$ cat my_file.cif   # mmCIF, C-alpha atoms
data_final
#
loop_
_atom_site.label_atom_id
_atom_site.label_comp_id
_atom_site.auth_asym_id
_atom_site.auth_seq_id
_atom_site.Cartn_x
_atom_site.Cartn_y
_atom_site.Cartn_z
CA MET R 199 -30.94 -9.46 -2.57
CA VAL R 200 -28.03 -11.66 -1.49
CA THR R 201 -24.48 -10.90 -2.55
CA ALA R 202 -21.76 -13.50 -1.94
CA ALA R 203 -18.14 -12.39 -2.14
CA GLN R 204 -15.99 -15.06 -3.72
CA PRO R 205 -12.37 -15.84 -2.75
CA LEU R 206 -9.82 -14.00 -4.87
CA PRO R 207 -7.40 -16.04 -6.96
CA LEU R 208 -3.98 -16.41 -5.42
CA ARG R 209 -2.18 -13.98 -7.71
CA LYS R 210 -4.96 -11.41 -7.57
CA ALA R 211 -4.73 -11.46 -3.78
CA GLY R 212 -1.13 -10.32 -4.05
CA ILE R 213 0.52 -13.60 -3.06
CA ARG R 214 3.22 -15.33 -4.98
CA GLU R 215 4.15 -18.83 -3.94
CA ALA R 216 7.89 -18.08 -3.78
CA GLY R 217 7.29 -15.22 -1.39
CA ILE R 218 5.29 -17.11 1.21
CA HIS R 219 7.01 -20.42 1.94
CA SER R 220 4.40 -21.59 4.39
CA PRO R 221 5.61 -24.66 6.31
CA ASN R 222 2.12 -26.18 6.39
CA ARG R 223 2.78 -28.67 3.60
CA ARG R 224 0.97 -31.94 3.00
CA ALA R 225 2.58 -34.91 4.65
CA GLY R 226 4.74 -36.85 2.24
CA ALA R 227 4.69 -34.09 -0.39
CA PRO R 228 7.82 -34.15 -2.56
CA ARG R 229 10.42 -31.46 -1.94
CA SER R 230 12.96 -29.80 -4.19
CA VAL R 231 15.42 -28.10 -1.87
CA THR R 232 17.55 -25.72 -3.96
CA VAL R 233 18.23 -22.00 -4.10
CA ARG R 234 15.78 -21.78 -7.01
CA HIS R 235 13.07 -20.59 -4.65
CA LEU R 236 15.33 -18.24 -2.65
CA GLY R 237 13.70 -14.89 -3.31
CA PRO R 238 14.83 -11.34 -2.52
CA ASN R 239 12.45 -11.35 0.45
CA TRP R 240 15.16 -13.22 2.37
CA TYR R 241 17.15 -9.99 2.70
CA ALA R 242 14.53 -8.91 5.23
CA SER R 243 16.15 -11.32 7.69
CA VAL R 244 19.43 -9.41 7.40
CA MET R 245 17.69 -6.07 7.93
CA GLY R 246 15.74 -7.40 10.88
CA THR R 247 18.89 -8.70 12.54
CA ALA R 248 21.03 -5.59 11.98
CA ILE R 249 18.39 -3.26 13.43
CA VAL R 250 18.47 -5.19 16.71
CA ALA R 251 22.12 -4.13 17.09
CA THR R 252 21.64 -0.52 16.03
CA ALA R 253 18.52 0.08 18.11
CA GLY R 254 19.96 -1.58 21.20
CA ALA R 255 23.05 0.62 21.17
CA GLY R 256 20.95 3.79 21.47
CA LEU R 257 18.84 2.79 24.46
CA PRO R 258 19.01 4.94 27.59
CA GLY R 259 21.17 3.82 30.49
CA ASN R 260 24.05 1.42 30.33
CA ALA R 261 22.71 -2.11 30.79
CA PRO R 262 25.57 -4.54 31.51
CA GLY R 263 26.47 -6.63 28.51
CA LEU R 264 23.95 -4.96 26.18
CA ARG R 265 26.52 -3.37 23.88
CA THR R 266 28.50 -6.61 23.64
CA ALA R 267 25.33 -8.48 22.76
CA CYS R 268 24.48 -5.86 20.14
CA THR R 269 27.94 -6.19 18.62
CA ALA R 270 27.52 -9.96 18.42
CA VAL R 271 24.19 -9.47 16.65
CA TRP R 272 25.89 -7.09 14.20
CA ALA R 273 28.50 -9.77 13.44
CA LEU R 274 25.68 -12.24 12.83
CA SER R 275 23.96 -9.84 10.44
CA LEU R 276 27.20 -9.33 8.52
CA ALA R 277 27.70 -13.09 8.20
CA MET R 278 24.07 -13.46 7.07
CA LEU R 279 24.54 -10.79 4.42
CA VAL R 280 27.65 -12.46 3.00
CA ALA R 281 26.00 -15.89 2.96
CA LEU R 282 22.82 -14.60 1.38
CA LEU R 283 24.69 -12.65 -1.30
CA ALA R 284 26.54 -15.84 -2.21
CA ALA R 285 23.31 -17.84 -2.36
CA ARG R 286 21.56 -15.21 -4.44
CA THR R 287 24.51 -15.12 -6.83
CA VAL R 288 24.03 -18.84 -7.37
CA HIS R 289 20.31 -18.19 -7.83
CA TRP R 290 20.90 -15.61 -10.57
CA THR R 291 23.56 -17.80 -12.21
CA HIS R 292 21.61 -21.05 -12.38
CA HIS R 293 17.96 -19.96 -12.16
CA ARG R 294 17.74 -16.82 -14.27
CA ASP R 295 14.22 -17.67 -15.43
CA GLN R 296 13.02 -17.61 -11.84
CA ALA R 297 14.96 -14.42 -11.11
CA ARG R 298 13.39 -12.67 -14.12
CA ALA R 299 9.98 -13.94 -13.06
CA HIS R 300 10.50 -12.29 -9.66
CA LEU R 301 11.17 -8.93 -11.35
CA LEU R 302 7.92 -9.14 -13.30
CA ASP R 303 5.81 -10.27 -10.36
CA PRO R 304 4.10 -7.33 -8.56
CA ALA R 305 4.04 -9.37 -5.34
CA MET R 306 7.79 -10.20 -5.41
CA ALA R 307 9.55 -7.34 -7.26
CA PRO R 308 9.14 -4.83 -4.38
CA PHE R 309 11.26 -7.10 -2.18
CA TYR R 310 14.30 -6.04 -4.17
CA GLY R 311 14.17 -2.96 -1.96
CA CYS R 312 15.24 -5.27 0.86
CA LEU R 313 18.56 -5.87 -0.93
CA ALA R 314 19.49 -2.20 -0.67
CA MET R 315 18.27 -1.93 2.92
CA ALA R 316 20.25 -5.02 3.94
CA PHE R 317 23.47 -3.32 2.81
CA LEU R 318 22.50 -0.09 4.55
CA ALA R 319 21.36 -1.69 7.81
CA VAL R 320 24.52 -3.75 8.21
CA GLY R 321 26.66 -0.75 7.27
CA GLY R 322 24.99 1.49 9.84
CA ALA R 323 25.35 -1.13 12.56
CA THR R 324 29.03 -1.46 11.65
CA LEU R 325 29.68 2.17 12.52
CA VAL R 326 27.43 2.14 15.59
CA VAL R 327 28.70 -1.02 17.32
CA GLY R 328 30.97 -2.90 14.92
CA GLU R 329 33.84 -0.52 15.54
CA ASP R 330 34.18 -2.03 19.02
CA TRP R 331 35.56 -5.20 17.44
CA ILE R 332 37.17 -4.10 14.15
CA GLY R 333 38.29 -0.57 15.02
CA THR R 334 37.00 2.80 13.87
CA GLY R 335 39.06 2.95 10.68
CA ALA R 336 37.89 -0.42 9.38
CA ALA R 337 34.33 0.32 10.45
CA VAL R 338 34.28 3.60 8.50
CA VAL R 339 35.64 1.93 5.36
CA LEU R 340 33.19 -0.97 5.57
CA ASP R 341 30.25 1.31 6.24
CA ALA R 342 31.26 3.64 3.39
CA VAL R 343 31.29 0.70 0.97
CA LEU R 344 27.99 -0.76 2.20
CA PHE R 345 26.34 2.66 2.33
CA THR R 346 27.42 3.52 -1.21
CA VAL R 347 26.28 0.21 -2.66
CA GLY R 348 23.03 0.25 -0.70
CA THR R 349 22.23 3.84 -1.65
CA VAL R 350 22.83 3.24 -5.36
CA LEU R 351 20.71 0.07 -5.28
CA GLY R 352 18.02 1.86 -3.29
CA LEU R 353 17.77 4.78 -5.72
CA VAL R 354 17.70 2.45 -8.72
CA GLY R 355 15.05 0.28 -7.09
CA ALA R 356 12.91 3.27 -6.10
CA MET R 357 12.67 4.15 -9.78
CA ALA R 358 12.85 0.72 -11.46
CA VAL R 359 10.23 -1.15 -9.42
CA PRO R 360 7.47 1.46 -9.92
CA TYR R 361 8.47 1.64 -13.60
CA LEU R 362 7.99 -2.12 -13.96
CA MET R 363 4.66 -1.87 -12.14
CA VAL R 364 3.48 0.70 -14.69
CA VAL R 365 4.77 -0.71 -17.98
CA ARG R 366 5.29 -4.46 -17.50
CA GLN R 367 3.08 -5.70 -14.68
CA ARG R 368 -0.69 -5.92 -14.75
CA ILE R 369 -2.07 -4.80 -11.42
CA GLU R 370 -5.64 -4.49 -10.21
CA PRO R 371 -6.83 -2.25 -7.34
CA GLY R 372 -7.45 -5.21 -5.04
CA GLN R 373 -3.78 -6.21 -5.27
CA ALA R 374 -2.47 -3.19 -3.34
CA SER R 375 -0.13 -4.42 -0.62
CA PRO R 376 2.17 -2.90 2.02
CA VAL R 377 5.11 -4.60 0.27
CA TRP R 378 4.84 -1.91 -2.41
CA ILE R 379 6.42 0.45 0.11
CA LEU R 380 9.68 -1.51 0.33
CA PRO R 381 11.57 -0.03 -2.65
CA LEU R 382 10.36 3.45 -1.74
CA VAL R 383 11.60 3.35 1.85
CA ALA R 384 15.16 2.31 0.92
CA PRO R 385 16.29 5.92 0.25
CA MET R 386 14.89 6.86 3.66
CA VAL R 387 17.21 4.30 5.25
CA SER R 388 20.09 5.99 3.43
CA ALA R 389 18.87 9.35 4.72
CA ALA R 390 18.84 8.07 8.30
CA LEU R 391 22.23 6.31 8.22
CA GLY R 392 24.22 8.59 5.92
CA PRO R 393 24.76 11.31 8.57
CA LEU R 394 26.85 8.82 10.57
CA LEU R 395 29.55 9.18 7.92
CA VAL R 396 29.51 13.00 7.90
CA PRO R 397 32.09 13.49 10.72
CA HIS R 398 34.51 11.19 8.87
CA LEU R 399 34.56 13.38 5.75
CA PRO R 400 36.71 16.49 5.25
CA PRO R 401 35.03 19.66 6.58
CA GLY R 402 33.27 21.96 4.18
CA GLN R 403 31.77 20.88 0.88
CA PRO R 404 32.11 17.09 1.37
CA GLN R 405 30.24 17.13 4.68
CA GLU R 406 27.60 19.56 3.44
CA THR R 407 27.05 17.58 0.25
CA LEU R 408 26.50 14.28 2.04
CA LEU R 409 24.18 15.78 4.63
CA LEU R 410 22.07 17.61 2.04
CA ALA R 411 22.01 14.52 -0.15
CA CYS R 412 20.51 12.66 2.82
CA VAL R 413 17.90 15.41 3.17
CA ALA R 414 17.05 15.04 -0.52
CA MET R 415 16.63 11.27 -0.14
CA PHE R 416 14.43 11.92 2.88
CA GLY R 417 12.12 14.02 0.71
CA LEU R 418 12.21 11.56 -2.19
CA SER R 419 11.18 8.65 -0.01
CA LEU R 420 8.65 10.55 2.08
CA LEU R 421 6.69 11.94 -0.86
CA ALA R 422 6.76 8.63 -2.74
CA THR R 423 5.49 6.83 0.36
CA PHE R 424 2.70 9.38 0.76
CA LEU R 425 1.58 8.49 -2.77
CA MET R 426 1.51 4.76 -2.01
CA LEU R 427 0.01 4.60 1.48
CA PRO R 428 -3.50 5.81 0.51
CA MET R 429 -3.79 2.93 -1.99
CA VAL R 430 -2.81 0.41 0.68
CA PHE R 431 -5.29 1.78 3.20
CA ALA R 432 -8.04 2.06 0.57
CA ARG R 433 -7.48 -1.60 -0.33
CA LEU R 434 -7.98 -2.59 3.32
CA ILE R 435 -11.14 -0.54 3.70
CA THR R 436 -12.77 -1.55 0.42
CA THR R 437 -11.60 -5.17 0.06
CA GLY R 438 -11.12 -6.29 3.65
CA PRO R 439 -8.23 -7.86 5.58
CA LEU R 440 -5.16 -9.14 3.79
CA PRO R 441 -4.77 -12.90 3.23
CA LEU R 442 -3.51 -14.59 6.39
CA ALA R 443 0.08 -15.12 5.21
CA LEU R 444 0.39 -11.46 4.17
CA THR R 445 -1.10 -9.95 7.32
CA PRO R 446 2.32 -9.39 8.99
CA THR R 447 3.26 -7.07 6.09
CA LEU R 448 1.00 -4.45 7.65
CA PHE R 449 3.94 -3.76 9.96
CA LEU R 450 5.94 -2.57 6.93
CA VAL R 451 4.07 0.74 7.09
CA LEU R 452 5.94 1.46 10.32
CA GLY R 453 9.22 1.49 8.37
CA PRO R 454 8.92 4.88 6.66
CA LEU R 455 7.31 6.37 9.78
CA GLY R 456 10.01 5.31 12.23
CA GLN R 457 12.86 5.76 9.77
CA SER R 458 11.83 9.29 8.80
CA THR R 459 11.64 10.24 12.47
CA THR R 460 15.11 8.77 12.93
CA ALA R 461 16.37 10.66 9.87
CA VAL R 462 15.26 14.12 11.02
CA GLY R 463 16.80 13.37 14.40
CA LYS R 464 20.12 12.52 12.71
CA PHE R 465 19.96 15.73 10.67
CA ALA R 466 19.59 17.67 13.90
CA ASP R 467 22.50 15.76 15.47
CA PHE R 468 25.00 16.45 12.70
CA ALA R 469 23.87 19.74 11.12
CA PRO R 470 25.59 22.00 13.73
CA GLY R 471 29.09 22.70 12.51
CA VAL R 472 28.25 21.48 9.01
CA LEU R 473 25.49 23.85 7.93
CA SER R 474 25.38 27.51 8.79
CA ALA R 475 22.69 29.15 10.91
CA PRO R 476 19.73 29.28 10.80
CA TYR R 477 19.58 25.96 8.95
CA SER R 478 21.40 23.98 11.62
CA GLN R 479 18.98 25.19 14.29
CA GLY R 480 16.05 24.57 11.95
CA PHE R 481 16.79 20.87 11.86
CA GLY R 482 16.53 20.76 15.64
CA MET R 483 13.01 22.18 15.41
CA LEU R 484 12.13 19.80 12.58
CA ALA R 485 13.20 16.81 14.63
CA VAL R 486 10.51 17.61 17.19
CA LEU R 487 7.77 19.23 15.09
CA TYR R 488 7.87 16.42 12.54
CA GLY R 489 8.92 13.52 14.72
CA VAL R 490 6.33 13.73 17.49
CA PRO R 491 3.20 13.69 15.25
CA VAL R 492 4.62 10.96 13.04
CA MET R 493 5.48 8.83 16.04
CA GLY R 494 1.90 9.27 17.22
CA PHE R 495 0.61 7.93 13.90
CA ALA R 496 3.16 5.09 14.05
CA LEU R 497 1.76 3.99 17.41
CA LEU R 498 -1.77 4.11 15.98
CA TRP R 499 -0.70 1.93 13.05
CA LEU R 500 1.16 -0.41 15.41
CA GLY R 501 -2.03 -0.96 17.37
CA LEU R 502 -4.11 -1.54 14.23
CA SER R 503 -1.55 -3.93 12.75
CA THR R 504 -1.26 -5.88 16.00
CA ALA R 505 -5.03 -6.30 16.16
CA MET R 506 -5.09 -7.56 12.56
CA VAL R 507 -2.26 -10.02 13.24
CA LEU R 508 -4.01 -11.37 16.34
CA ARG R 509 -7.16 -11.81 14.26
CA ALA R 510 -5.20 -13.65 11.56
CA ARG R 511 -3.51 -15.82 14.17
CA ARG R 512 -6.87 -16.88 15.57
CA ARG R 513 -7.88 -17.87 12.05
CA GLY R 514 -4.88 -20.10 11.55
CA MET R 515 -2.06 -17.86 10.31
CA GLY R 516 1.10 -19.98 10.34
CA PHE R 517 4.74 -19.06 10.09
CA ALA R 518 6.01 -17.56 6.84
CA MET R 519 8.93 -15.37 5.84
CA THR R 520 6.55 -12.41 6.07
CA TRP R 521 7.06 -12.61 9.85
CA TRP R 522 10.32 -10.69 9.35
CA ALA R 523 8.05 -7.66 8.89
CA PHE R 524 7.75 -7.70 12.68
CA THR R 525 11.43 -6.75 13.08
CA PHE R 526 12.99 -3.97 11.00
CA PRO R 527 9.93 -1.65 10.95
CA VAL R 528 9.57 -1.90 14.74
CA GLY R 529 13.31 -1.29 15.05
CA THR R 530 12.99 1.99 13.15
CA CYS R 531 10.36 3.08 15.66
CA VAL R 532 12.85 2.31 18.44
CA THR R 533 15.52 4.51 16.84
CA GLY R 534 12.88 7.17 16.17
CA ALA R 535 11.84 7.19 19.84
CA GLU R 536 15.51 7.41 20.83
CA ALA R 537 15.92 10.45 18.58
CA LEU R 538 12.88 12.13 20.13
CA ALA R 539 14.23 11.43 23.61
CA ARG R 540 17.52 13.15 22.69
CA HIS R 541 15.90 16.24 21.22
CA THR R 542 13.00 16.74 23.62
CA GLY R 543 14.45 15.49 26.90
CA VAL R 544 11.07 13.91 27.64
CA VAL R 545 11.57 10.70 29.61
CA VAL R 546 8.46 9.06 28.20
CA PHE R 547 10.27 8.65 24.86
CA ASP R 548 13.05 6.76 26.65
CA TRP R 549 10.47 4.39 28.08
CA LEU R 550 8.79 4.09 24.70
CA ALA R 551 12.12 3.14 23.12
CA VAL R 552 12.73 0.48 25.79
CA GLY R 553 9.23 -0.97 25.43
CA LEU R 554 9.45 -1.13 21.65
CA TYR R 555 12.91 -2.68 21.88
CA VAL R 556 11.59 -5.47 24.10
CA LEU R 557 8.92 -6.10 21.46
CA LEU R 558 11.57 -6.05 18.74
CA VAL R 559 13.85 -8.56 20.47
CA ALA R 560 10.95 -10.90 21.20
CA ALA R 561 9.76 -10.76 17.58
CA TRP R 562 13.29 -11.24 16.27
CA ALA R 563 13.97 -14.22 18.53
CA VAL R 564 10.77 -16.05 17.57
CA THR R 565 11.15 -15.30 13.86
CA ALA R 566 14.85 -16.19 13.78
CA VAL R 567 14.26 -19.53 15.50
CA ARG R 568 11.38 -20.41 13.19
CA THR R 569 13.43 -19.40 10.15
CA ALA R 570 16.44 -21.43 11.25
CA ARG R 571 14.20 -24.43 11.89
CA GLY R 572 12.60 -24.12 8.46
CA LEU R 573 15.97 -23.65 6.80
CA LEU R 574 17.51 -26.70 8.44
CA SER R 575 14.49 -28.86 7.63
CA GLY R 576 14.48 -27.65 4.04
CA GLU R 577 10.90 -26.39 4.25
CA LEU R 578 11.74 -22.76 3.47
CA LEU R 579 13.83 -23.65 0.42
CA ALA R 580 11.43 -26.30 -0.88
CA ALA R 581 9.29 -25.74 -3.93
CA PRO R 582 6.30 -23.98 -2.37
CA ARG R 583 2.79 -25.17 -2.88
CA ARG R 584 -0.02 -22.84 -3.72
CA ALA R 585 -1.01 -21.09 -0.49
CA ALA R 586 -4.61 -21.00 0.57
CA VAL R 587 -6.27 -17.63 0.51
CA GLU R 588 -8.64 -16.75 3.29
CA PRO R 589 -12.16 -16.70 1.88
CA ALA R 590 -13.72 -13.29 1.77
CA PRO R 591 -16.67 -12.91 4.11
CA THR R 592 -20.12 -13.51 2.74
CA THR R 593 -22.27 -10.44 2.91
CA ALA R 594 -26.04 -10.38 2.69
CA ARG R 595 -28.38 -7.48 2.17
CA THR R 596 -32.15 -7.81 2.32
CA ARG R 597 -34.49 -5.28 0.90
#

$ encode --input "my_file.cif" --output "structure tokens"
Amino acid sequence: MVTAAQPLPLRKAGIREAGIHSPNRRAGAPRSVTVRHLGPNWYASVMGTAIVATAGAGLPGNAPGLRTACTAVWALSLAMLVALLAARTVHWTHHRDQARAHLLDPAMAPFYGCLAMAFLAVGGATLVVGEDWIGTGAAVVLDAVLFTVGTVLGLVGAMAVPYLMVVRQRIEPGQASPVWILPLVAPMVSAALGPLLVPHLPPGQPQETLLLACVAMFGLSLLATFLMLPMVFARLITTGPLPLALTPTLFLVLGPLGQSTTAVGKFADFAPGVLSAPYSQGFGMLAVLYGVPVMGFALLWLGLSTAMVLRARRRGMGFAMTWWAFTFPVGTCVTGAEALARHTGVVVFDWLAVGLYVLLVAAWAVTAVRTARGLLSGELLAAPRRAAVEPAPTTARTR
């Protein structure tokens, strides 16, 4: 008996044209360069830029010029956020039909989680390195505003996107994708960056409330992610590799892993003096007992994802906006390794942080250059054509 697996339709494979923007267009094809096709996935570029600044500031040693470079990258991320918010406002004002279509598309709606994380990532970088240029007072105010807005958007998205998936969108098992994690990981970003504001609040109830709120968001995001990850892995095992353009999204799984490790490290950093014993000491134990195993799994997933990306590249994977998945998730692993180095004193975590940061900077540089080139040429804002889906392998069984 011979069984031939047929290629999945584009939408069933979890791809939406507006979310891919592959530059491999036919020569002479007409273009329509407007913000109509500017989706929420573009906020990933802001996140991926801001994490370069935050992660670089926590590296061991004191490399000359590194902090200044990180501050410059933070300024770039802030400018990107402002510009993108303006462009998306125009998008919602003049292209509401497309904006509503994004919300009802299971392949695009999860990217609204990137909006919340863009606010949070820039806000955290403001307090980590931005204060060097604008002063501590201004940095605290700006971070407080960005953190509040990002946290509210993240909590709303963590509930609204799954709700839409259940009641409005029609999803089949083969459509499971790592992008589904995006709205669920946003509260984890709040959990990891919120403790930075704790010392700037009045002692007592205000500090305790913020810190415990971050712990609650840690649990919310972690448990929701644990519900989603098995579906993503089951889809890979039962259906096969993701379509070429979506293969980089495998790196998104690193986000909740690295960010949760960072979060428990931040709890341990700021709990003393805020929470009473034994809870403050308990967070120090949690930072190690939770962080080390999760970092081990993150490295396993990093290896698997890298192998899948190399395979996709050999099969013709071109540049797409999904390449930004190589940045922020890897950056969270850098900050997670930095947290483990602080709380264990093991030098190998310092070296791990440095190695991952080199990978992060390389990925960010390549992706940023390709994005800028596509933006200037108009390719990334052009009306996208229907992307080709990699044919599923033909299987044969003989009795």

$ resolve_selection --input "my_file.cif" --expression "the PyMOL selection byres ((chain R and resi 529) around 12)" --output "ChimeraX atom specification"
/R:245-257,319,387,449-450,452-457,459-460,522-528,530-536,550-562

$ atom_distance --input "my_file.cif" --atom1 "CA of Val271 in chain R" --atom2 "CA of Leu399 in chain R"
27.4 Å

$ residues_around --input "my_file.cif" --residues "Pro360 in chain R" --least-positions-apart "4" --cutoff "10 Å" --atoms "all atoms listed in the file" --output "ChimeraX atom specification"
/R:304,307-308,355-356,364-367,378,381-382

$ resolve_selection --input "my_file.cif" --expression "the PyMOL selection byres ((chain R and resi 286) around 12)" --output "short mmCIF file (atom, residue, chain, number, x, y, z; two decimals) with C-alpha atoms, keeping the file's coordinate frame"
data_model
loop_
_atom_site.label_atom_id
_atom_site.label_comp_id
_atom_site.auth_asym_id
_atom_site.auth_seq_id
_atom_site.Cartn_x
_atom_site.Cartn_y
_atom_site.Cartn_z
CA THR R 232 17.55 -25.72 -3.96
CA VAL R 233 18.23 -22.00 -4.10
CA ARG R 234 15.78 -21.78 -7.01
CA HIS R 235 13.07 -20.59 -4.65
CA LEU R 236 15.33 -18.24 -2.65
CA GLY R 237 13.70 -14.89 -3.31
CA PRO R 238 14.83 -11.34 -2.52
CA ASN R 239 12.45 -11.35 0.45
CA TRP R 240 15.16 -13.22 2.37
CA TYR R 241 17.15 -9.99 2.70
CA MET R 278 24.07 -13.46 7.07
CA LEU R 279 24.54 -10.79 4.42
CA VAL R 280 27.65 -12.46 3.00
CA ALA R 281 26.00 -15.89 2.96
CA LEU R 282 22.82 -14.60 1.38
CA LEU R 283 24.69 -12.65 -1.30
CA ALA R 284 26.54 -15.84 -2.21
CA ALA R 285 23.31 -17.84 -2.36
CA THR R 287 24.51 -15.12 -6.83
CA VAL R 288 24.03 -18.84 -7.37
CA HIS R 289 20.31 -18.19 -7.83
CA TRP R 290 20.90 -15.61 -10.57
CA THR R 291 23.56 -17.80 -12.21
CA HIS R 292 21.61 -21.05 -12.38
CA HIS R 293 17.96 -19.96 -12.16
CA ARG R 294 17.74 -16.82 -14.27
CA GLN R 296 13.02 -17.61 -11.84
CA ALA R 297 14.96 -14.42 -11.11
CA TYR R 310 14.30 -6.04 -4.17
CA LEU R 313 18.56 -5.87 -0.93
#

$ residues_around --input "my_file.cif" --residues "range 401-415 of chain R" --least-positions-apart "3" --cutoff "8 Å" --atoms "all atoms listed in the file" --output "VMD selection string"
chain R and resid 385 to 386 388 to 390 392 to 393 396 to 397 418 to 419 465 469 472 to 473

$ atom_distance --input "my_file.cif" --atom1 "CA of Arg433 in chain R" --atom2 "CA of Gln373 in chain R"
7.7 Å

$ residues_around --input "my_file.cif" --residues "Ala374 in chain R" --least-positions-apart "6" --cutoff "10 Å" --atoms "all atoms listed in the file" --output "short mmCIF file (atom, residue, chain, number, x, y, z; two decimals) with C-alpha atoms, in the coordinates of the input"
data_model
loop_
_atom_site.label_atom_id
_atom_site.label_comp_id
_atom_site.auth_asym_id
_atom_site.auth_seq_id
_atom_site.Cartn_x
_atom_site.Cartn_y
_atom_site.Cartn_z
CA LYS R 210 -4.96 -11.41 -7.57
CA ALA R 211 -4.73 -11.46 -3.78
CA GLY R 212 -1.13 -10.32 -4.05
CA PRO R 304 4.10 -7.33 -8.56
CA ALA R 305 4.04 -9.37 -5.34
CA MET R 426 1.51 4.76 -2.01
CA LEU R 427 0.01 4.60 1.48
CA PRO R 428 -3.50 5.81 0.51
CA MET R 429 -3.79 2.93 -1.99
CA VAL R 430 -2.81 0.41 0.68
CA PHE R 431 -5.29 1.78 3.20
CA ALA R 432 -8.04 2.06 0.57
CA ARG R 433 -7.48 -1.60 -0.33
CA LEU R 434 -7.98 -2.59 3.32
CA THR R 437 -11.60 -5.17 0.06
CA LEU R 440 -5.16 -9.14 3.79
#

$ atom_distance --input "my_file.cif" --atom1 "CA of Met315 in chain R" --atom2 "CA of Ser243 in chain R"
10.7 Å
